[in-house]
$ cat entry05.txt   # compact mmCIF, C-alpha atoms
# COMPACT_ATOMS: atom_id res chain seq x y z
CA MET A 12 131.01 65.87 165.55
CA LYS A 13 131.40 68.87 163.30
CA LYS A 14 134.79 67.65 162.18
CA LYS A 15 133.33 64.19 161.59
CA TYR A 16 130.48 65.61 159.46
CA SER A 17 132.89 67.95 157.74
CA LEU A 18 135.15 65.04 156.78
CA ARG A 19 132.16 62.94 155.63
CA PHE A 20 130.92 65.87 153.52
CA LYS A 21 134.30 66.27 151.90
CA VAL A 22 134.56 62.56 151.14
CA THR A 23 131.04 62.56 149.74
CA ALA A 24 131.70 65.68 147.69
CA ILE A 25 134.91 64.23 146.26
CA THR A 26 133.17 60.94 145.46
CA VAL A 27 130.29 62.73 143.76
CA GLY A 28 132.75 64.89 141.85
CA VAL A 29 134.71 61.88 140.65
CA VAL A 30 131.51 60.12 139.61
CA LEU A 31 130.27 63.20 137.74
CA ALA A 32 133.64 63.63 136.05
CA ALA A 33 133.58 59.99 134.98
CA ILE A 34 130.04 60.35 133.66
CA LEU A 35 130.88 63.53 131.76
CA SER A 36 134.05 61.96 130.35
CA ALA A 37 132.14 58.88 129.24
CA ALA A 38 129.41 61.06 127.75
CA GLY A 39 131.99 63.16 125.93
CA LEU A 40 133.73 60.07 124.62
CA CYS A 41 130.43 58.58 123.47
CA PHE A 42 129.48 61.85 121.78
CA THR A 43 132.82 61.98 119.99
CA VAL A 44 132.50 58.38 118.85
CA LEU A 45 128.91 58.90 117.72
CA GLN A 46 129.82 62.13 115.94
CA ARG A 47 132.68 60.45 114.10
CA GLU A 48 130.44 57.55 113.15
CA SER A 49 127.76 59.98 112.00
CA ASP A 50 130.31 61.91 109.93
CA ARG A 51 131.66 58.66 108.48
CA ARG A 52 128.17 57.52 107.51
CA SER A 53 127.37 60.93 106.00
CA VAL A 54 130.55 60.86 103.92
CA GLU A 55 129.77 57.30 102.81
CA ILE A 56 126.22 58.25 101.85
CA MET A 57 127.45 61.23 99.85
CA ARG A 58 130.08 59.04 98.17
CA LEU A 59 127.45 56.48 97.18
CA VAL A 60 125.08 59.19 95.94
CA GLY A 61 127.88 60.71 93.87
CA GLN A 62 128.86 57.29 92.56
CA ASP A 63 125.27 56.52 91.54
CA ALA A 64 124.93 59.90 89.81
CA GLY A 65 128.23 59.31 88.01
CA GLU A 66 127.08 55.91 86.81
CA VAL A 67 123.84 57.39 85.49
CA LEU A 68 125.76 60.03 83.51
CA ASN A 69 128.31 57.49 82.26
CA LYS A 70 125.53 55.24 80.96
CA TYR A 71 123.99 58.25 79.25
CA PHE A 72 127.34 59.18 77.66
CA ASP A 73 127.91 55.58 76.59
CA GLY A 74 124.52 55.57 74.86
CA ILE A 75 125.48 58.61 72.79
CA VAL A 76 128.90 57.15 72.00
CA GLN A 77 127.23 53.98 70.73
CA SER A 78 124.68 55.93 68.69
CA VAL A 79 127.26 58.09 66.91
CA GLY A 80 129.77 55.25 66.66
CA MET A 81 127.26 52.95 64.97
CA THR A 82 126.42 55.58 62.36
CA ALA A 83 130.10 56.45 61.89
CA ASN A 84 130.94 52.82 61.17
CA GLU A 85 128.15 52.64 58.61
CA ALA A 86 129.35 55.89 57.03
CA ILE A 87 132.93 54.61 56.74
CA ASP A 88 131.84 51.24 55.36
CA SER A 89 129.64 52.90 52.76
CA LEU A 90 132.52 54.93 51.35
CA ASP A 91 134.12 53.41 48.26
CA SER A 92 137.91 53.89 48.27
CA VAL A 93 138.12 53.11 44.56
CA GLU A 94 135.50 55.70 43.69
CA LEU A 95 137.18 58.29 45.91
CA ALA A 96 140.48 57.61 44.17
CA LYS A 97 138.85 58.06 40.76
CA CYS A 98 137.52 61.40 41.97
CA GLY A 99 140.97 62.46 43.19
CA ALA A 100 140.06 62.27 46.87
CA GLY A 101 141.91 59.13 47.95
CA GLY A 102 145.31 58.45 49.46
CA GLY A 103 145.37 61.55 51.63
CA VAL A 104 145.09 63.98 48.71
CA SER A 105 143.59 67.29 49.84
CA GLY A 106 142.75 70.49 48.09
CA GLN A 107 140.93 70.87 44.83
CA THR A 108 144.00 71.76 42.77
CA ALA A 109 144.75 68.03 42.40
CA ARG A 110 141.39 67.38 40.72
CA THR A 111 139.97 68.15 37.34
CA ALA A 112 136.59 69.84 37.02
CA GLU A 113 135.11 66.54 35.94
CA GLN A 114 136.56 64.76 38.98
CA GLN A 115 135.23 67.43 41.31
CA ALA A 116 131.73 67.25 39.84
CA ARG A 117 131.79 63.48 40.14
CA LEU A 118 133.03 63.72 43.74
CA ASP A 119 130.34 66.26 44.69
CA ALA A 120 127.63 63.98 43.30
CA TYR A 121 129.12 60.99 45.11
CA LEU A 122 129.30 62.87 48.43
CA ALA A 123 125.72 64.10 48.06
CA ALA A 124 124.49 60.52 47.64
CA HIS A 125 126.73 59.38 50.51
CA CYS A 126 125.40 62.08 52.87
CA ALA A 127 121.79 61.26 51.99
CA GLU A 128 122.42 57.62 52.89
CA VAL A 129 124.14 58.49 56.16
CA GLN A 130 121.38 60.94 57.11
CA LYS A 131 118.72 58.24 56.88
CA SER A 132 120.62 56.04 59.29
CA PHE A 133 121.56 58.90 61.63
CA SER A 134 117.96 60.16 61.73
CA SER A 135 116.71 56.87 63.14
CA VAL A 136 119.46 56.68 65.74
CA ALA A 137 119.12 60.31 66.86
CA GLY A 138 115.35 59.99 67.23
CA HIS A 139 115.85 57.25 69.82
CA THR A 140 118.66 58.93 71.77
CA HIS A 141 117.41 60.88 74.78
CA GLY A 142 118.47 64.50 75.14
CA VAL A 143 120.06 64.91 71.71
CA ILE A 144 119.09 68.24 70.14
CA THR A 145 121.16 68.14 66.93
CA TYR A 146 122.92 65.71 64.67
CA TYR A 147 125.10 66.56 61.71
CA TYR A 148 127.67 65.57 59.13
CA CYS A 149 130.08 68.37 58.26
CA ILE A 150 132.07 67.69 55.09
CA ASN A 151 135.74 68.67 54.94
CA PRO A 152 135.93 71.78 52.69
CA GLU A 153 139.23 70.50 51.23
CA ILE A 154 137.20 67.66 49.77
CA SER A 155 134.30 69.71 48.47
CA GLU A 156 133.28 73.36 48.52
CA ASN A 157 129.86 72.52 47.15
CA GLU A 158 128.70 69.61 49.31
CA HIS A 159 128.63 70.50 53.03
CA GLY A 160 126.73 67.56 54.50
CA PHE A 161 123.60 67.97 56.66
CA PHE A 162 122.46 69.50 59.92
CA TYR A 163 119.25 68.67 61.80
CA SER A 164 117.99 70.37 64.96
CA ARG A 165 114.95 70.03 67.20
CA VAL A 166 115.60 73.09 69.34
CA GLY A 167 112.16 74.66 69.82
CA LYS A 168 110.63 71.93 67.65
CA ALA A 169 108.66 68.76 68.30
CA GLY A 170 111.07 66.76 66.15
CA PHE A 171 114.23 67.12 64.10
CA VAL A 172 114.01 69.70 61.34
CA GLU A 173 116.54 70.14 58.54
CA GLN A 174 118.68 73.28 58.84
CA PRO A 175 121.31 74.78 56.52
CA PRO A 176 124.37 72.52 56.71
CA LEU A 177 127.41 73.65 58.68
CA ASP A 178 129.93 75.14 56.26
CA ALA A 179 133.42 74.50 57.65
CA ARG A 180 134.84 77.24 55.43
CA THR A 181 133.24 79.83 57.72
CA LEU A 182 134.78 78.46 60.94
CA ASP A 183 137.62 80.36 62.60
CA PRO A 184 140.32 78.07 64.06
CA SER A 185 141.43 80.85 66.42
CA ASP A 186 137.99 81.00 68.04
CA MET A 187 138.06 77.72 69.91
CA GLU A 188 135.39 78.91 72.33
CA HIS A 189 132.85 78.42 69.56
CA TYR A 190 134.50 76.14 67.00
CA CYS A 191 136.30 73.54 69.12
CA TRP A 192 133.65 70.99 68.07
CA TYR A 193 135.23 70.95 64.60
CA PHE A 194 138.95 71.59 65.08
CA SER A 195 139.62 69.62 68.27
CA PRO A 196 138.56 66.17 66.93
CA ILE A 197 140.58 66.78 63.76
CA GLU A 198 143.63 67.73 65.80
CA ARG A 199 143.22 64.62 67.97
CA GLY A 200 142.42 62.43 64.99
CA GLN A 201 139.92 60.36 66.95
CA PRO A 202 136.34 60.37 68.30
CA SER A 203 136.08 63.00 71.01
CA TRP A 204 133.82 64.50 73.64
CA ILE A 205 133.96 68.28 73.29
CA GLY A 206 132.76 70.94 75.69
CA PRO A 207 130.83 72.35 77.28
CA TYR A 208 131.20 75.24 74.85
CA LEU A 209 129.11 78.05 73.37
CA ALA A 210 127.47 76.82 70.17
CA HIS A 211 127.48 79.53 67.51
CA PHE A 212 124.84 77.63 65.54
CA LEU A 213 122.47 77.39 68.56
CA ASN A 214 122.36 80.99 69.75
CA GLU A 215 125.29 80.59 72.18
CA MET A 216 123.70 77.67 74.01
CA GLN A 217 126.11 75.74 76.23
CA ILE A 218 126.36 72.24 74.82
CA CYS A 219 128.48 69.10 74.85
CA SER A 220 129.25 67.28 71.62
CA TYR A 221 130.43 63.83 70.68
CA VAL A 222 132.15 64.05 67.30
CA VAL A 223 133.74 61.35 65.13
CA PRO A 224 136.12 62.24 62.26
CA ILE A 225 135.30 60.13 59.21
CA TYR A 226 138.38 58.97 57.32
CA ARG A 227 138.63 56.82 54.22
CA ALA A 228 141.72 55.95 52.20
CA GLY A 229 143.78 58.25 54.40
CA THR A 230 141.55 61.25 53.71
CA LEU A 231 139.34 63.20 56.12
CA ILE A 232 135.86 63.16 54.59
CA GLY A 233 134.07 65.04 57.35
CA LEU A 234 132.88 65.02 60.95
CA LEU A 235 129.83 63.23 62.27
CA GLY A 236 128.39 64.45 65.57
CA MET A 237 125.58 64.84 68.10
CA ASP A 238 124.96 67.65 70.58
CA ILE A 239 123.34 67.65 74.02
CA PRO A 240 122.69 70.77 76.12
CA LEU A 241 124.69 71.17 79.31
CA ASP A 242 121.36 71.74 81.06
CA THR A 243 120.32 68.19 80.18
CA LEU A 244 123.22 66.87 82.26
CA ILE A 245 122.59 69.34 85.06
CA GLU A 246 118.94 68.37 85.34
CA GLN A 247 119.97 64.81 86.10
CA ILE A 248 121.93 65.85 89.20
CA ARG A 249 120.13 69.01 90.33
CA PRO A 250 117.49 67.11 92.39
CA ILE A 251 120.14 65.17 94.33
CA GLN A 252 120.15 66.20 98.00
CA VAL A 253 121.83 64.64 101.02
CA TYR A 254 120.19 65.54 104.33
CA GLN A 255 119.31 69.25 104.52
CA THR A 256 122.47 70.90 103.22
CA GLY A 257 124.15 68.30 101.00
CA PHE A 258 124.00 68.64 97.21
CA ALA A 259 125.65 67.36 94.05
CA CYS A 260 127.79 69.37 91.66
CA LEU A 261 129.11 68.65 88.17
CA CYS A 262 132.81 68.94 87.40
CA ASP A 263 135.42 67.27 85.23
CA ALA A 264 138.61 65.39 86.07
CA ASP A 265 140.59 68.65 86.03
CA GLY A 266 138.34 70.28 88.63
CA ARG A 267 136.42 72.57 86.27
CA ILE A 268 133.01 73.18 87.81
CA TYR A 269 130.09 73.11 85.37
CA TYR A 270 127.30 73.09 87.92
CA HIS A 271 127.18 74.17 91.54
CA PRO A 272 124.04 75.59 93.21
CA ASN A 273 126.04 78.54 94.55
CA ILE A 274 128.44 79.15 91.65
CA GLU A 275 127.57 80.49 88.22
CA LYS A 276 128.25 77.98 85.44
CA ARG A 277 130.79 78.83 82.76
CA ALA A 278 131.62 77.44 79.36
CA SER A 279 134.99 75.75 79.01
CA CYS A 280 135.88 74.09 75.75
CA ARG A 281 138.35 71.22 75.56
$ encode --input "entry05.txt" --output "structure tokens"
Amino acid sequence: MKKKYSLRFKVTAITVGVVLAAILSAAGLCFTVLQRESDRRSVEIMRLVGQDAGEVLNKYFDGIVQSVGMTANEAIDSLDSVELAKCGAGGGVSGQTARTAEQQARLDAYLAAHCAEVQKSFSSVAGHTHGVITYYYCINPEISENEHGFFYSRVGKAGFVEQPPLDARTLDPSDMEHYCWYFSPIERGQPSWIGPYLAHFLNEMQICSYVVPIYRAGTLIGLLGMDIPLDTLIEQIRPIQVYQTGFACLCDADGRIYYHPNIEKRASCR
């Protein structure tokens, strides 16, 4: 009898063991499948969140591009090639040595009237563009050493206030950390996003700029631009959170990180 019970016990024990092993294997397989599905869903959620945040920023950037572009087109259309030629500023001529004193005085007066007209248009556009803290028109010093354009800022103000214009003669081309906003668009010869960089005219604030070189009759007249603080972009993604530990960061196509909750932000001009 003992052998019979002993054999029955062994059979029962083996059966129970097999059943338990099967249950544990099935449970482990289910856990693995569920974990993979959970990870897949988490990755998909984070991808969608990042995509939505990117679309928000792209729409914001497009709004600024349209605002500056509209004013730039008006500025170019308002320039008279014939008048510029009479003043010795047409056909790619640069430097004041090619102009008489009378031509230069006439050109300065013409540019002053031109800048006043552009400022009226730019003021209206800038006032309706969210996040913009400055707008400006910086005249090429090879065209005029007397007329510098205009510069308006609302940093620390309720609205835009006129500031001394940006004098391009004082800018150092070797200091691209501060002056890339001026030299980079000229080098590229086309409208450009610049930054983030440290703005010398805004107490080293980190900003991004959209700048359009204004050409007429083959001559660079000046640069038209708007600035937005880097913090304005960061504030649009800082609240984004996925589950308890997920977050959004801000970087460019080259992998430069401009915002990460655990990494200090740095300026990097392009």
$ residues_around --input "entry05.txt" --residues "A:Thr82" --least-positions-apart "3" --cutoff "9 Å" --atoms "all atoms listed in the file" --output "ChimeraX atom specification"
/A:77-79,85-87,129,132-133,136,235
$ atom_distance --input "entry05.txt" --atom1 "atom CA of A:Pro152" --atom2 "atom CA of A:Leu213"
21.6 Å
$ closest_residue --input "entry05.txt" --among "A:Met237, A:Val223, A:Met81, A:Leu182" --to "A:Tyr147" --atoms "all atoms listed in the file"
A:Met237
$ atom_distance --input "entry05.txt" --atom1 "atom CA of A:Ile144" --atom2 "atom CA of A:Val222"
14.0 Å
$ residues_near_point --input "entry05.txt" --point "(129.1, 64.4, 39.7)" --cutoff "12 Å" --atoms "all atoms listed in the file" --output "ChimeraX atom specification"
/A:94-95,97-98,111-124,155,157-158
$ residues_around --input "entry05.txt" --residues "A:Ile232" --least-positions-apart "5" --cutoff "6 Å" --atoms "all atoms listed in the file" --output "ChimeraX atom specification"
/A:150-151,225-226
$ residues_around --input "entry05.txt" --residues "stretch 200-206 of chain A" --least-positions-apart "4" --cutoff "10 Å" --atoms "all atoms listed in the file" --output "PyMOL selection string"
chain A and resi 72+76+79-80+83+188-189+191-196+210+217-226+231+234-238+241+278-281
$ atom_distance --input "entry05.txt" --atom1 "atom CA of A:Tyr190" --atom2 "atom CA of A:Arg227"
23.5 Å
$ closest_residue --input "entry05.txt" --among "A:Gly99, A:Ala259, A:Glu173, A:His141" --to "A:Asn273" --atoms "only C-alpha atoms"
A:Ala259
$ closest_residue --input "entry05.txt" --among "A:Asp73, A:Ser164, A:Gly142, A:Ser185" --to "A:Ile245" --atoms "only C-alpha atoms"
A:Gly142
$ residues_near_point --input "entry05.txt" --point "(125.8, 78.5, 54.5)" --cutoff "12 Å" --atoms "only C-alpha atoms" --output "list in words"
Cys149, Glu156, Asn157, Glu158, His159, Gly160, Phe161, Phe162, Gln174, Pro175, Pro176, Leu177, Asp178, Ala179, Arg180, Thr181, Leu182 and Phe212 of chain A
$ build_atoms --input "entry05.txt" --residues "stretch 59-93 of chain A" --atoms "N, CA and C atoms" --output "mmCIF file, in the coordinates of the input"
data_model
loop_
_atom_site.group_PDB
_atom_site.id
_atom_site.type_symbol
_atom_site.label_atom_id
_atom_site.label_comp_id
_atom_site.auth_asym_id
_atom_site.auth_seq_id
_atom_site.Cartn_x
_atom_site.Cartn_y
_atom_site.Cartn_z
ATOM 1 N N LEU A 59 128.312 57.396 97.928
ATOM 2 C CA LEU A 59 127.450 56.480 97.180
ATOM 3 C C LEU A 59 126.498 57.242 96.263
ATOM 4 N N VAL A 60 125.970 58.370 96.766
ATOM 5 C CA VAL A 60 125.080 59.190 95.940
ATOM 6 C C VAL A 60 125.843 59.716 94.723
ATOM 7 N N GLY A 61 127.068 60.215 94.974
ATOM 8 C CA GLY A 61 127.880 60.710 93.870
ATOM 9 C C GLY A 61 128.243 59.612 92.883
ATOM 10 N N GLN A 62 128.534 58.428 93.412
ATOM 11 C CA GLN A 62 128.860 57.290 92.560
ATOM 12 C C GLN A 62 127.677 56.895 91.693
ATOM 13 N N ASP A 63 126.485 56.871 92.301
ATOM 14 C CA ASP A 63 125.270 56.520 91.540
ATOM 15 C C ASP A 63 125.004 57.552 90.451
ATOM 16 N N ALA A 64 125.160 58.849 90.804
ATOM 17 C CA ALA A 64 124.930 59.900 89.810
ATOM 18 C C ALA A 64 125.948 59.793 88.677
ATOM 19 N N GLY A 65 127.204 59.477 89.031
ATOM 20 C CA GLY A 65 128.230 59.310 88.010
ATOM 21 C C GLY A 65 127.931 58.154 87.075
ATOM 22 N N GLU A 66 127.418 57.064 87.633
ATOM 23 C CA GLU A 66 127.080 55.910 86.810
ATOM 24 C C GLU A 66 125.931 56.220 85.861
ATOM 25 N N VAL A 67 124.965 57.001 86.346
ATOM 26 C CA VAL A 67 123.840 57.390 85.490
ATOM 27 C C VAL A 67 124.347 58.212 84.299
ATOM 28 N N LEU A 68 125.224 59.191 84.581
ATOM 29 C CA LEU A 68 125.760 60.030 83.510
ATOM 30 C C LEU A 68 126.636 59.214 82.558
ATOM 31 N N ASN A 69 127.444 58.308 83.114
ATOM 32 C CA ASN A 69 128.310 57.490 82.260
ATOM 33 C C ASN A 69 127.497 56.610 81.314
ATOM 34 N N LYS A 70 126.400 56.051 81.811
ATOM 35 C CA LYS A 70 125.530 55.240 80.960
ATOM 36 C C LYS A 70 124.914 56.108 79.860
ATOM 37 N N TYR A 71 124.563 57.328 80.231
ATOM 38 C CA TYR A 71 123.990 58.250 79.250
ATOM 39 C C TYR A 71 125.030 58.580 78.172
ATOM 40 N N PHE A 72 126.265 58.887 78.606
ATOM 41 C CA PHE A 72 127.340 59.180 77.660
ATOM 42 C C PHE A 72 127.620 57.972 76.765
ATOM 43 N N ASP A 73 127.642 56.794 77.371
ATOM 44 C CA ASP A 73 127.910 55.580 76.590
ATOM 45 C C ASP A 73 126.841 55.370 75.517
ATOM 46 N N GLY A 74 125.590 55.707 75.836
ATOM 47 C CA GLY A 74 124.520 55.570 74.860
ATOM 48 C C GLY A 74 124.749 56.461 73.652
ATOM 49 N N ILE A 75 125.211 57.676 73.898
ATOM 50 C CA ILE A 75 125.480 58.610 72.790
ATOM 51 C C ILE A 75 126.680 58.139 71.986
ATOM 52 N N VAL A 76 127.713 57.671 72.688
ATOM 53 C CA VAL A 76 128.900 57.150 72.000
ATOM 54 C C VAL A 76 128.509 56.000 71.067
ATOM 55 N N GLN A 77 127.672 55.111 71.546
ATOM 56 C CA GLN A 77 127.230 53.980 70.730
ATOM 57 C C GLN A 77 126.403 54.442 69.539
ATOM 58 N N SER A 78 125.536 55.441 69.766
ATOM 59 C CA SER A 78 124.680 55.930 68.690
ATOM 60 C C SER A 78 125.510 56.549 67.565
ATOM 61 N N VAL A 79 126.434 57.440 67.928
ATOM 62 C CA VAL A 79 127.260 58.090 66.910
ATOM 63 C C VAL A 79 128.233 57.084 66.298
ATOM 64 N N GLY A 80 128.796 56.226 67.155
ATOM 65 C CA GLY A 80 129.770 55.250 66.660
ATOM 66 C C GLY A 80 129.158 54.300 65.652
ATOM 67 N N MET A 81 127.926 53.863 65.895
ATOM 68 C CA MET A 81 127.260 52.950 64.970
ATOM 69 C C MET A 81 127.068 53.612 63.611
ATOM 70 N N THR A 82 126.617 54.877 63.629
ATOM 71 C CA THR A 82 126.420 55.580 62.360
ATOM 72 C C THR A 82 127.745 55.856 61.673
ATOM 73 N N ALA A 83 128.775 56.180 62.464
ATOM 74 C CA ALA A 83 130.100 56.450 61.890
ATOM 75 C C ALA A 83 130.645 55.215 61.190
ATOM 76 N N ASN A 84 130.469 54.059 61.799
ATOM 77 C CA ASN A 84 130.940 52.820 61.170
ATOM 78 C C ASN A 84 130.219 52.567 59.850
ATOM 79 N N GLU A 85 128.916 52.823 59.840
ATOM 80 C CA GLU A 85 128.150 52.640 58.610
ATOM 81 C C GLU A 85 128.604 53.641 57.536
ATOM 82 N N ALA A 86 128.899 54.872 57.979
ATOM 83 C CA ALA A 86 129.350 55.890 57.030
ATOM 84 C C ALA A 86 130.690 55.501 56.416
ATOM 85 N N ILE A 87 131.606 55.013 57.247
ATOM 86 C CA ILE A 87 132.930 54.610 56.740
ATOM 87 C C ILE A 87 132.800 53.414 55.801
ATOM 88 N N ASP A 88 131.998 52.441 56.190
ATOM 89 C CA ASP A 88 131.840 51.240 55.360
ATOM 90 C C ASP A 88 131.179 51.547 54.021
ATOM 91 N N SER A 89 130.343 52.581 53.996
ATOM 92 C CA SER A 89 129.640 52.900 52.760
ATOM 93 C C SER A 89 130.510 53.672 51.766
ATOM 94 N N LEU A 90 131.633 54.190 52.234
ATOM 95 C CA LEU A 90 132.520 54.930 51.350
ATOM 96 C C LEU A 90 133.343 53.966 50.496
ATOM 97 N N ASP A 91 133.407 54.249 49.215
ATOM 98 C CA ASP A 91 134.120 53.410 48.260
ATOM 99 C C ASP A 91 135.494 54.016 47.976
ATOM 100 N N SER A 92 136.549 53.365 48.453
ATOM 101 C CA SER A 92 137.910 53.890 48.270
ATOM 102 C C SER A 92 138.278 54.013 46.796
ATOM 103 N N VAL A 93 137.813 53.070 45.994
ATOM 104 C CA VAL A 93 138.120 53.110 44.560
ATOM 105 C C VAL A 93 137.473 54.314 43.904
#
